[in-house]
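J.: Below is the structure I would like to discuss, written out as structure tokens.
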Amino acid sequence: MGLEIKPTRQLLSERGLLEMQKVQVFVDSEAVRLMEKYTPMVTGQMRDSAYSATQFGSGEINQNAPYSRKQYYDETLHHRGITTHHWFEAMKSNGGVTKILNGAAKLAGARGVRA
């Protein structure tokens with residue numbers, strides 16, 4: 001009587017942790033949702049491009065508004081309110097990581113993380 005362990009890929013798949021499965025889709029969509037309030041907005045095109053240019057579940061967030069790169073990397077630009085350059089990083093440092101990890105853990109059937 002030996003111990004049998006399932007292959008890693010099978011274990012990940014059973015928990016929905018592979019690319020394009022429910023946990024990765026959640027992580028991507030939640031990251032986009034949480035970074036909205038930090039994303040500079042005049043017309044909303046740049047914010048909306050995160051939804052239209054991202055394939056949720058791929059593990060990669062894209063924004064394809066023509067000025068997104070400049071707004072993200074140019075630290076000399078002035079923004080209003082809590083909008084800022086590097087809005088993805090701002091979202092992560094303001095509690096976004098914990099929220100995303102807890103939601104992902106719940107979907108995968110795990111306990112979650114502490115703040």
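Each chain of the structure tokens is named A, B, ... in the order shown, its residues numbered from 1; ligands are numbered from 1 in display order.
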If you count only C-alpha atoms, which residues fall within 9 Å of Gln71 in chain A, apart from same-chain ones fewer than 6 positions away, as number ranges by chain?
T.: A: 39-40, 77, 84-86
J.: Which polymer residues have any atom within 12 Å of an atom of Gln21 in chain A, counting only C-alpha atoms, with same-chain residues fewer than 6 positions away left out, as a ChimeraX atom specification?
T.: /A:12-15,27-28,55-59,104,107-108
J.: Can those selected residues be exported to a file as a short mmCIF file (atom, residue, chain, number, x, y, z; two decimals), in the first residue's frame so that it contains all heavy atoms?
T.:
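So the final result, stored in again15.cif, reads:
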data_model
loop_
_atom_site.label_atom_id
_atom_site.label_comp_id
_atom_site.auth_asym_id
_atom_site.auth_seq_id
_atom_site.Cartn_x
_atom_site.Cartn_y
_atom_site.Cartn_z
N LEU A 12 -3.57 21.26 -9.86
CA LEU A 12 -3.85 22.66 -10.16
C LEU A 12 -5.16 22.80 -10.93
O LEU A 12 -5.97 23.70 -10.65
CB LEU A 12 -2.69 23.27 -10.97
CG LEU A 12 -1.37 23.44 -10.23
CD1 LEU A 12 -0.27 23.86 -11.19
CD2 LEU A 12 -1.51 24.42 -9.09
N SER A 13 -5.39 21.92 -11.87
CA SER A 13 -6.61 21.97 -12.68
C SER A 13 -7.85 21.74 -11.82
O SER A 13 -8.88 22.40 -11.99
CB SER A 13 -6.54 20.94 -13.80
OG SER A 13 -7.72 20.98 -14.57
N GLU A 14 -7.77 20.79 -10.90
CA GLU A 14 -8.90 20.49 -10.02
C GLU A 14 -9.29 21.68 -9.15
O GLU A 14 -10.44 21.83 -8.76
CB GLU A 14 -8.59 19.28 -9.16
CG GLU A 14 -8.58 17.98 -9.94
CD GLU A 14 -8.11 16.79 -9.12
OE1 GLU A 14 -7.81 16.95 -7.91
OE2 GLU A 14 -8.04 15.68 -9.69
N ARG A 15 -8.33 22.53 -8.85
CA ARG A 15 -8.59 23.74 -8.04
C ARG A 15 -8.88 24.97 -8.90
O ARG A 15 -9.13 26.04 -8.37
CB ARG A 15 -7.39 24.04 -7.13
CG ARG A 15 -7.12 23.01 -6.08
CD ARG A 15 -8.15 23.06 -4.98
NE ARG A 15 -7.83 22.13 -3.93
CZ ARG A 15 -8.03 22.37 -2.65
NH1 ARG A 15 -8.57 23.50 -2.27
NH2 ARG A 15 -7.74 21.47 -1.76
N VAL A 27 -8.57 36.56 -10.70
CA VAL A 27 -7.41 37.40 -10.36
C VAL A 27 -7.29 38.56 -11.36
O VAL A 27 -7.13 39.72 -10.96
CB VAL A 27 -6.11 36.57 -10.31
CG1 VAL A 27 -4.88 37.46 -10.24
CG2 VAL A 27 -6.14 35.61 -9.14
N ASP A 28 -7.37 38.25 -12.64
CA ASP A 28 -7.25 39.28 -13.67
C ASP A 28 -8.37 40.31 -13.57
O ASP A 28 -8.13 41.52 -13.58
CB ASP A 28 -7.25 38.66 -15.06
CG ASP A 28 -6.05 37.77 -15.33
OD1 ASP A 28 -5.13 37.73 -14.49
OD2 ASP A 28 -6.05 37.10 -16.38
N GLN A 55 -7.42 39.77 -21.97
CA GLN A 55 -8.07 38.47 -22.07
C GLN A 55 -8.05 37.88 -20.66
O GLN A 55 -7.03 37.37 -20.19
CB GLN A 55 -7.34 37.55 -23.04
CG GLN A 55 -8.03 36.23 -23.21
CD GLN A 55 -7.31 35.31 -24.19
OE1 GLN A 55 -6.25 35.64 -24.70
NE2 GLN A 55 -7.90 34.17 -24.43
N PHE A 56 -9.17 38.00 -19.97
CA PHE A 56 -9.24 37.57 -18.58
C PHE A 56 -8.97 36.07 -18.48
O PHE A 56 -9.57 35.27 -19.16
CB PHE A 56 -10.58 37.93 -17.95
CG PHE A 56 -10.77 39.42 -17.83
CD1 PHE A 56 -11.62 40.10 -18.67
CD2 PHE A 56 -10.05 40.13 -16.89
CE1 PHE A 56 -11.77 41.47 -18.57
CE2 PHE A 56 -10.19 41.51 -16.78
CZ PHE A 56 -11.05 42.17 -17.63
N GLY A 57 -8.01 35.73 -17.62
CA GLY A 57 -7.58 34.36 -17.45
C GLY A 57 -6.19 34.12 -18.00
O GLY A 57 -5.57 33.10 -17.73
N SER A 58 -5.68 35.09 -18.76
CA SER A 58 -4.35 34.94 -19.37
C SER A 58 -3.22 35.25 -18.40
O SER A 58 -2.08 34.88 -18.63
CB SER A 58 -4.22 35.86 -20.58
OG SER A 58 -4.19 37.23 -20.16
N GLY A 59 -3.53 35.96 -17.31
CA GLY A 59 -2.50 36.35 -16.36
C GLY A 59 -1.81 37.65 -16.74
O GLY A 59 -0.82 38.04 -16.13
N ALA A 104 -9.16 34.64 -4.46
CA ALA A 104 -8.62 33.51 -5.23
C ALA A 104 -8.56 32.25 -4.36
O ALA A 104 -8.91 31.16 -4.81
CB ALA A 104 -7.24 33.85 -5.78
N LEU A 107 -12.03 30.79 -3.98
CA LEU A 107 -12.43 30.08 -5.20
C LEU A 107 -11.73 28.74 -5.35
O LEU A 107 -12.29 27.78 -5.87
CB LEU A 107 -12.11 30.94 -6.43
CG LEU A 107 -13.15 31.92 -6.89
CD1 LEU A 107 -12.63 32.73 -8.05
CD2 LEU A 107 -14.43 31.21 -7.27
N ALA A 108 -10.48 28.68 -4.91
CA ALA A 108 -9.69 27.45 -5.04
C ALA A 108 -9.95 26.46 -3.92
O ALA A 108 -9.43 25.35 -3.94
CB ALA A 108 -8.20 27.80 -5.10
#
J.: May I ask which of the residues A:Val32, A:Lys6, A:Ala53, A:Glu60 is the closest one to Met20 in chain A, counting only C-alpha atoms?
T.: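 Smallest separation from Met20 in chain A among the options: A:Glu60.
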J.: When DSSP is applied to the backbone of this structure, which of chain A are assigned helix (DSSP H, G or I)? Write them out as number ranges by chain.
T.: A: 8-14, 22-38, 45-53, 68-73, 87-108
J.: Would you list the contacts of Leu101 in chain A as a PDB file with N, CA and C atoms, in the first residue's frame, taking every protein, DNA or RNA residue within 8 Å and counting only C-alpha atoms, but skipping same-chain residues closer than 2 positions in sequence?
T.:
ATOM      1  N   VAL A  27      -8.566  36.559 -10.696  1.00  0.00           N
ATOM      2  CA  VAL A  27      -7.408  37.403 -10.363  1.00  0.00           C
ATOM      3  C   VAL A  27      -7.286  38.556 -11.355  1.00  0.00           C
ATOM      4  N   VAL A  97      -3.633  43.390  -3.083  1.00  0.00           N
ATOM      5  CA  VAL A  97      -3.046  42.051  -3.084  1.00  0.00           C
ATOM      6  C   VAL A  97      -3.821  41.135  -2.137  1.00  0.00           C
ATOM      7  N   THR A  98      -4.082  41.615  -0.937  1.00  0.00           N
ATOM      8  CA  THR A  98      -4.801  40.805   0.055  1.00  0.00           C
ATOM      9  C   THR A  98      -6.204  40.472  -0.424  1.00  0.00           C
ATOM     10  N   LYS A  99      -6.897  41.452  -0.992  1.00  0.00           N
ATOM     11  CA  LYS A  99      -8.250  41.201  -1.494  1.00  0.00           C
ATOM     12  C   LYS A  99      -8.248  40.165  -2.611  1.00  0.00           C
ATOM     13  N   GLY A 103      -9.804  36.287  -2.296  1.00  0.00           N
ATOM     14  CA  GLY A 103     -10.831  35.849  -3.234  1.00  0.00           C
ATOM     15  C   GLY A 103     -10.399  34.639  -4.029  1.00  0.00           C
ATOM     16  N   ALA A 104      -9.156  34.639  -4.460  1.00  0.00           N
ATOM     17  CA  ALA A 104      -8.625  33.506  -5.225  1.00  0.00           C
ATOM     18  C   ALA A 104      -8.558  32.251  -4.361  1.00  0.00           C
ATOM     19  N   ALA A 105      -8.130  32.413  -3.121  1.00  0.00           N
ATOM     20  CA  ALA A 105      -8.051  31.269  -2.210  1.00  0.00           C
ATOM     21  C   ALA A 105      -9.439  30.675  -1.971  1.00  0.00           C
ATOM     22  N   GLY A 112      -7.307  31.237   2.660  1.00  0.00           N
ATOM     23  CA  GLY A 112      -7.069  32.656   2.445  1.00  0.00           C
ATOM     24  C   GLY A 112      -5.822  33.109   3.136  1.00  0.00           C
ATOM     25  N   VAL A 113      -5.587  34.405   3.125  1.00  0.00           N
ATOM     26  CA  VAL A 113      -4.385  34.985   3.731  1.00  0.00           C
ATOM     27  C   VAL A 113      -4.796  36.028   4.747  1.00  0.00           C
TER      28      VAL A 113
END
J.: What lies within 6 Å of range 41-51 of chain A using only C-alpha atoms, ignoring chain neighbours under 5 positions off, as an mmCIF file with C-alpha atoms, in the first residue's frame?
T.:
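For reference, around-v4.cif as written:
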data_model
loop_
_atom_site.group_PDB
_atom_site.id
_atom_site.type_symbol
_atom_site.label_atom_id
_atom_site.label_comp_id
_atom_site.auth_asym_id
_atom_site.auth_seq_id
_atom_site.Cartn_x
_atom_site.Cartn_y
_atom_site.Cartn_z
ATOM 1 C CA ASN A 62 -3.372 45.176 -21.055
ATOM 2 C CA GLN A 63 -4.498 48.714 -21.777
ATOM 3 C CA ASN A 64 -4.390 49.877 -25.357
ATOM 4 C CA ALA A 65 -5.449 53.515 -25.178
#
